[in-house]
Amino acid sequence: MSQQLYHTVILGAGESGVGAALLCQKENLSVFVSDRGTIAPKYRAELEAHRIPFEEGKHSDELILSATQIVKSPGIPLTAQLVAKALEKQIPVISEIELAGRYTRSFMIGITGSNGKTTTTMWLYHILSSAGYDVGLAGNVGFSLARQVAYEPHDYYVIELSSFQLDNMYDFRCNIALLLNITPDHLDRYDHSFDLYAQAKMRILQNQTADDAVVYWGADPYISADMQKRNHPAHQLVFRIEPNPEAAAECQADGIIRCNYRERCFTYPVSELALPGPHNLQNAMAAILAALAVGVPDEILRQALHDFKNVPHRLEYIATVDDVRYINDSKATNINSTQYALQSMNTPVVLILGGTDKGNDYADIEDLVLPRARGLIFLGVDNAKLHRSFDGKVSQIADARSMHEAIAQARAMAQKGDTVLLSPACASFDLFKNYEDRGDQFRVEVLALTSK
């Protein structure tokens, strides 16, 4: 009996993979889903309800390598053996975002960067929603873009794009592309090459035309140098903190943001922004320029900049216990994110660092840690690198192998008026399912203290 051939095979059965499968089915493409791990019950039930064939706990190589195309989960590296075999056979391997883009003509706003992309994506989504636009939230946040294109189409989409998604996007076009910054991250996926990682980020610009716009951070050395070398057709909107005659957005000495888009000039006081800190000023400026390019009225834009609520796990205030504030910044999975968090602190800090190291150089945060740190807690399976970096430089250092232990250590170190900051600068997979699990456990442990 011959094996059934499928037009599309989906690798990975999370939100992205199941969304892609639903879109394929709707477009009458024969589809099969393969997940080497265990499929979450809600996604297994959804596949069964739609009678989409799937397998879990394995990959059937022969079946997969007979597909016309493969849609790969962002979490699967291009170097994975099965993906490498597919590429050798010249089977197209694409992302769920690439797939979705083929079946919609909606206005696409793509946002990437090493840091700040989730906050900026959510903030811009909030602005457009407040202005009454029919807008969907997709990519690394919200629901799968493919799922929405299939069953809940919108006129506009705000999409957070990781380098992993951009790796397998080829024809997808961003009507507005936002490039927030590029700092070392995920180098383990890019042969420990910053240049390869940065090039993946710059793929957000591919396929843009003169009708499109690109918003980018003018003080980022890689982005600025790359843009100067390109003859990029899209309208370029540069934002900078300091006043600059070439910037479309800048922060003036009097604390006023000034943004210019074509004949519009929008001003807004930094003090009125919903989120504090220099990194959130950058996020806000990027969101403002994109909103102006879309056409959001000034009055609505002002209100949305003020009443936005930040996403969980990003400098999320949890509680004050015994006059000590507890802040969850679990989404800080790289050095640069932890730099931003420390720059936002105006009290002594008990800092919880550690996890799965991604090639960090902790010397990059030493000048921020040493003057602020009441103590350091290293939360990870292997903390040797952290100890080499900070032993003898901070008076109180402790190790923890669980969030419960970390909070107990932090409580012992902290004094009244201090802040306990979870900003690990590392991935979470040594002790937790993901950064959300890490942040959720932090929240649970802290809130348990408030009931004692």
# chains A, B, ... in the order shown; residues from 1 in each chain; ligands from 1

$ residues_around --residues "segment 436-451 of chain A" --least-positions-apart "4" --cutoff "6 Å" --atoms "only C-alpha atoms" --output "PDB file with C-alpha atoms, in the first residue's frame"
ATOM      1  CA  HIS A 313       7.065  39.581  32.302  1.00  0.00           C
ATOM      2  CA  SER A 330      11.555  37.415  33.102  1.00  0.00           C
ATOM      3  CA  PHE A 432      11.642  26.296  33.632  1.00  0.00           C
TER       4      PHE A 432
END

$ residues_around --residues "Leu315 of chain A" --least-positions-apart "3" --cutoff "10 Å" --atoms "only C-alpha atoms" --output "compact mmCIF listing (two decimals) with C-alpha atoms, in the first residue's frame"
# COMPACT_ATOMS: atom_id res chain seq x y z
CA LEU A 275 5.84 53.29 30.64
CA PRO A 276 8.98 54.84 32.18
CA ASN A 310 2.56 46.81 29.69
CA VAL A 311 2.76 43.11 28.88
CA PRO A 312 3.44 40.52 31.59
CA ILE A 318 4.05 42.39 41.19
CA TYR A 326 9.20 43.00 43.43
CA ILE A 327 9.55 43.40 39.63
CA ASN A 328 9.15 40.58 37.09
CA ASP A 329 11.33 41.10 34.03
CA SER A 330 11.55 37.41 33.10
CA LYS A 331 11.36 38.31 29.41
CA ALA A 332 14.89 39.73 29.73
CA TYR A 340 17.46 48.40 30.12
CA ALA A 341 15.90 47.05 33.29
CA SER A 344 15.06 51.92 34.97
CA LEU A 421 14.37 42.45 40.20
CA LEU A 422 14.05 39.24 38.22
CA SER A 423 15.94 40.13 35.02

$ residues_around --residues "Gly14 of chain A" --least-positions-apart "4" --cutoff "9 Å" --atoms "only C-alpha atoms" --output "PDB file with N, CA and C atoms, in the first residue's frame"
ATOM      1  N   VAL A  18      -0.349  24.717  14.312  1.00  0.00           N
ATOM      2  CA  VAL A  18      -1.774  24.394  14.162  1.00  0.00           C
ATOM      3  C   VAL A  18      -2.478  25.474  13.341  1.00  0.00           C
ATOM      4  N   GLY A  19      -2.095  26.742  13.552  1.00  0.00           N
ATOM      5  CA  GLY A  19      -2.656  27.818  12.732  1.00  0.00           C
ATOM      6  C   GLY A  19      -2.348  27.614  11.261  1.00  0.00           C
ATOM      7  N   ASP A  35       4.968  16.381  15.060  1.00  0.00           N
ATOM      8  CA  ASP A  35       5.621  16.980  16.222  1.00  0.00           C
ATOM      9  C   ASP A  35       6.426  15.905  16.939  1.00  0.00           C
ATOM     10  N   ILE A  39       2.083  16.791  21.848  1.00  0.00           N
ATOM     11  CA  ILE A  39       1.210  17.897  21.460  1.00  0.00           C
ATOM     12  C   ILE A  39       0.332  18.277  22.651  1.00  0.00           C
ATOM     13  N   ALA A  40       0.241  19.553  22.930  1.00  0.00           N
ATOM     14  CA  ALA A  40      -0.609  20.031  24.022  1.00  0.00           C
ATOM     15  C   ALA A  40      -2.057  19.602  23.770  1.00  0.00           C
ATOM     16  N   TYR A  43      -4.325  21.665  21.427  1.00  0.00           N
ATOM     17  CA  TYR A  43      -3.994  21.633  20.006  1.00  0.00           C
ATOM     18  C   TYR A  43      -4.293  20.267  19.395  1.00  0.00           C
ATOM     19  N   SER A  73       8.222  25.203  12.467  1.00  0.00           N
ATOM     20  CA  SER A  73       8.108  25.997  13.685  1.00  0.00           C
ATOM     21  C   SER A  73       9.358  26.844  13.859  1.00  0.00           C
TER      22      SER A  73
END

$ closest_residue --among "A:His126, A:His59, A:Arg105, A:Lys42" --to "Pro153 of chain A" --atoms "only C-alpha atoms"
A:Arg105

$ closest_residue --among "A:Glu299, A:Glu96, A:Asp195, A:Asp322" --to "Val71 of chain A" --atoms "only C-alpha atoms"
A:Glu96

$ residues_around --residues "Pro371 of chain A" --least-positions-apart "2" --cutoff "10 Å" --atoms "only C-alpha atoms" --output "list in words"
Pro348, Val349, Glu366, Asp367, Leu368, Val369, Ala373, Arg374 and Val394 of chain A

$ select_by_dssp --residues "segment 151-300 of chain A" --states "helix (DSSP H, G or I)" --output "VMD selection string"
chain A and resid 151 163 to 167 187 to 189 194 to 205 221 to 229 270 to 272 278 to 294 298 to 300

$ closest_residue --among "A:Asp357, A:His192, A:Asn175, A:Ala290" --to "Ala234 of chain A" --atoms "only C-alpha atoms"
A:Asn175

$ closest_residue --among "A:Thr112, A:Ala384, A:Val9, A:Gln90" --to "Leu63 of chain A" --atoms "only C-alpha atoms"
A:Val9

$ atom_distance --atom1 "atom CA of Met285 of chain A" --atom2 "atom CA of Asp220 of chain A"
14.6 Å

$ closest_residue --among "A:Leu128, A:Leu281, A:Leu23, A:Leu205" --to "Gly295 of chain A" --atoms "only C-alpha atoms"
A:Leu128

$ decode --residues "segment 93-118 of chain A" --atoms "N, CA, C and O atoms" --output "tab-separated table (two decimals), in the first residue's frame"
chain	number	residue	atom	x	y	z
A	93	VAL	N	11.26	25.24	2.55
A	93	VAL	CA	10.97	25.27	3.99
A	93	VAL	C	10.64	26.71	4.35
A	93	VAL	O	11.50	27.60	4.21
A	94	ILE	N	9.41	26.95	4.77
A	94	ILE	CA	8.95	28.32	5.00
A	94	ILE	C	8.41	28.46	6.43
A	94	ILE	O	8.19	27.48	7.13
A	95	SER	N	8.19	29.69	6.83
A	95	SER	CA	7.60	29.96	8.14
A	95	SER	C	6.08	30.08	8.01
A	95	SER	O	5.53	30.27	6.91
A	96	GLU	N	5.44	29.99	9.15
A	96	GLU	CA	3.98	30.17	9.19
A	96	GLU	C	3.60	31.57	8.71
A	96	GLU	O	2.57	31.76	8.04
A	97	ILE	N	4.43	32.57	9.01
A	97	ILE	CA	4.16	33.95	8.58
A	97	ILE	C	4.22	34.04	7.06
A	97	ILE	O	3.37	34.67	6.42
A	98	GLU	N	5.23	33.41	6.47
A	98	GLU	CA	5.35	33.38	5.01
A	98	GLU	C	4.12	32.74	4.38
A	98	GLU	O	3.56	33.24	3.40
A	99	LEU	N	3.69	31.62	4.94
A	99	LEU	CA	2.49	30.93	4.44
A	99	LEU	C	1.29	31.84	4.50
A	99	LEU	O	0.54	31.99	3.51
A	100	ALA	N	1.07	32.47	5.65
A	100	ALA	CA	-0.12	33.31	5.83
A	100	ALA	C	-0.13	34.48	4.86
A	100	ALA	O	-1.18	34.85	4.32
A	101	GLY	N	1.05	35.05	4.60
A	101	GLY	CA	1.12	36.19	3.71
A	101	GLY	C	0.67	35.90	2.29
A	101	GLY	O	0.29	36.82	1.55
A	102	ARG	N	0.71	34.63	1.90
A	102	ARG	CA	0.31	34.26	0.54
A	102	ARG	C	-1.20	34.30	0.34
A	102	ARG	O	-1.68	34.29	-0.80
A	103	TYR	N	-1.94	34.34	1.44
A	103	TYR	CA	-3.40	34.22	1.34
A	103	TYR	C	-4.13	35.43	1.91
A	103	TYR	O	-5.30	35.34	2.28
A	104	THR	N	-3.44	36.57	1.97
A	104	THR	CA	-4.09	37.79	2.42
A	104	THR	C	-3.44	38.99	1.75
A	104	THR	O	-2.26	38.95	1.39
A	105	ARG	N	-4.23	40.04	1.59
A	105	ARG	CA	-3.71	41.32	1.09
A	105	ARG	C	-3.82	42.40	2.15
A	105	ARG	O	-3.82	43.60	1.84
A	106	SER	N	-3.92	42.00	3.40
A	106	SER	CA	-4.04	42.95	4.50
A	106	SER	C	-2.78	43.78	4.64
A	106	SER	O	-1.70	43.42	4.16
A	107	PHE	N	-2.90	44.89	5.34
A	107	PHE	CA	-1.79	45.80	5.60
A	107	PHE	C	-0.95	45.22	6.73
A	107	PHE	O	-1.44	44.99	7.83
A	108	MET	N	0.35	44.96	6.45
A	108	MET	CA	1.21	44.27	7.40
A	108	MET	C	2.22	45.22	8.04
A	108	MET	O	2.98	45.89	7.35
A	109	ILE	N	2.22	45.24	9.37
A	109	ILE	CA	3.21	46.01	10.12
A	109	ILE	C	4.07	45.01	10.89
A	109	ILE	O	3.59	44.33	11.79
A	110	GLY	N	5.33	44.89	10.50
A	110	GLY	CA	6.23	43.93	11.13
A	110	GLY	C	7.21	44.64	12.05
A	110	GLY	O	7.73	45.71	11.72
A	111	ILE	N	7.45	44.05	13.21
A	111	ILE	CA	8.32	44.66	14.22
A	111	ILE	C	9.38	43.65	14.64
A	111	ILE	O	9.05	42.54	15.04
A	112	THR	N	10.65	44.04	14.54
A	112	THR	CA	11.71	43.17	15.03
A	112	THR	C	12.75	43.99	15.76
A	112	THR	O	12.78	45.22	15.70
A	113	GLY	N	13.63	43.29	16.45
A	113	GLY	CA	14.67	43.91	17.26
A	113	GLY	C	15.09	42.92	18.32
A	113	GLY	O	14.36	41.98	18.63
A	114	SER	N	16.25	43.12	18.89
A	114	SER	CA	16.70	42.23	19.94
A	114	SER	C	15.95	42.48	21.24
A	114	SER	O	15.72	41.57	22.03
A	115	ASN	N	15.54	43.73	21.45
A	115	ASN	CA	14.84	44.10	22.68
A	115	ASN	C	13.73	45.10	22.37
A	115	ASN	O	13.85	45.92	21.46
A	116	GLY	N	12.66	45.00	23.14
A	116	GLY	CA	11.58	45.98	23.03
A	116	GLY	C	10.50	45.63	22.03
A	116	GLY	O	9.47	46.32	21.95
A	117	LYS	N	10.67	44.54	21.26
A	117	LYS	CA	9.70	44.29	20.19
A	117	LYS	C	8.32	43.89	20.72
A	117	LYS	O	7.31	44.28	20.13
A	118	THR	N	8.27	43.14	21.83
A	118	THR	CA	6.95	42.77	22.36
A	118	THR	C	6.21	44.00	22.88
A	118	THR	O	5.03	44.20	22.57
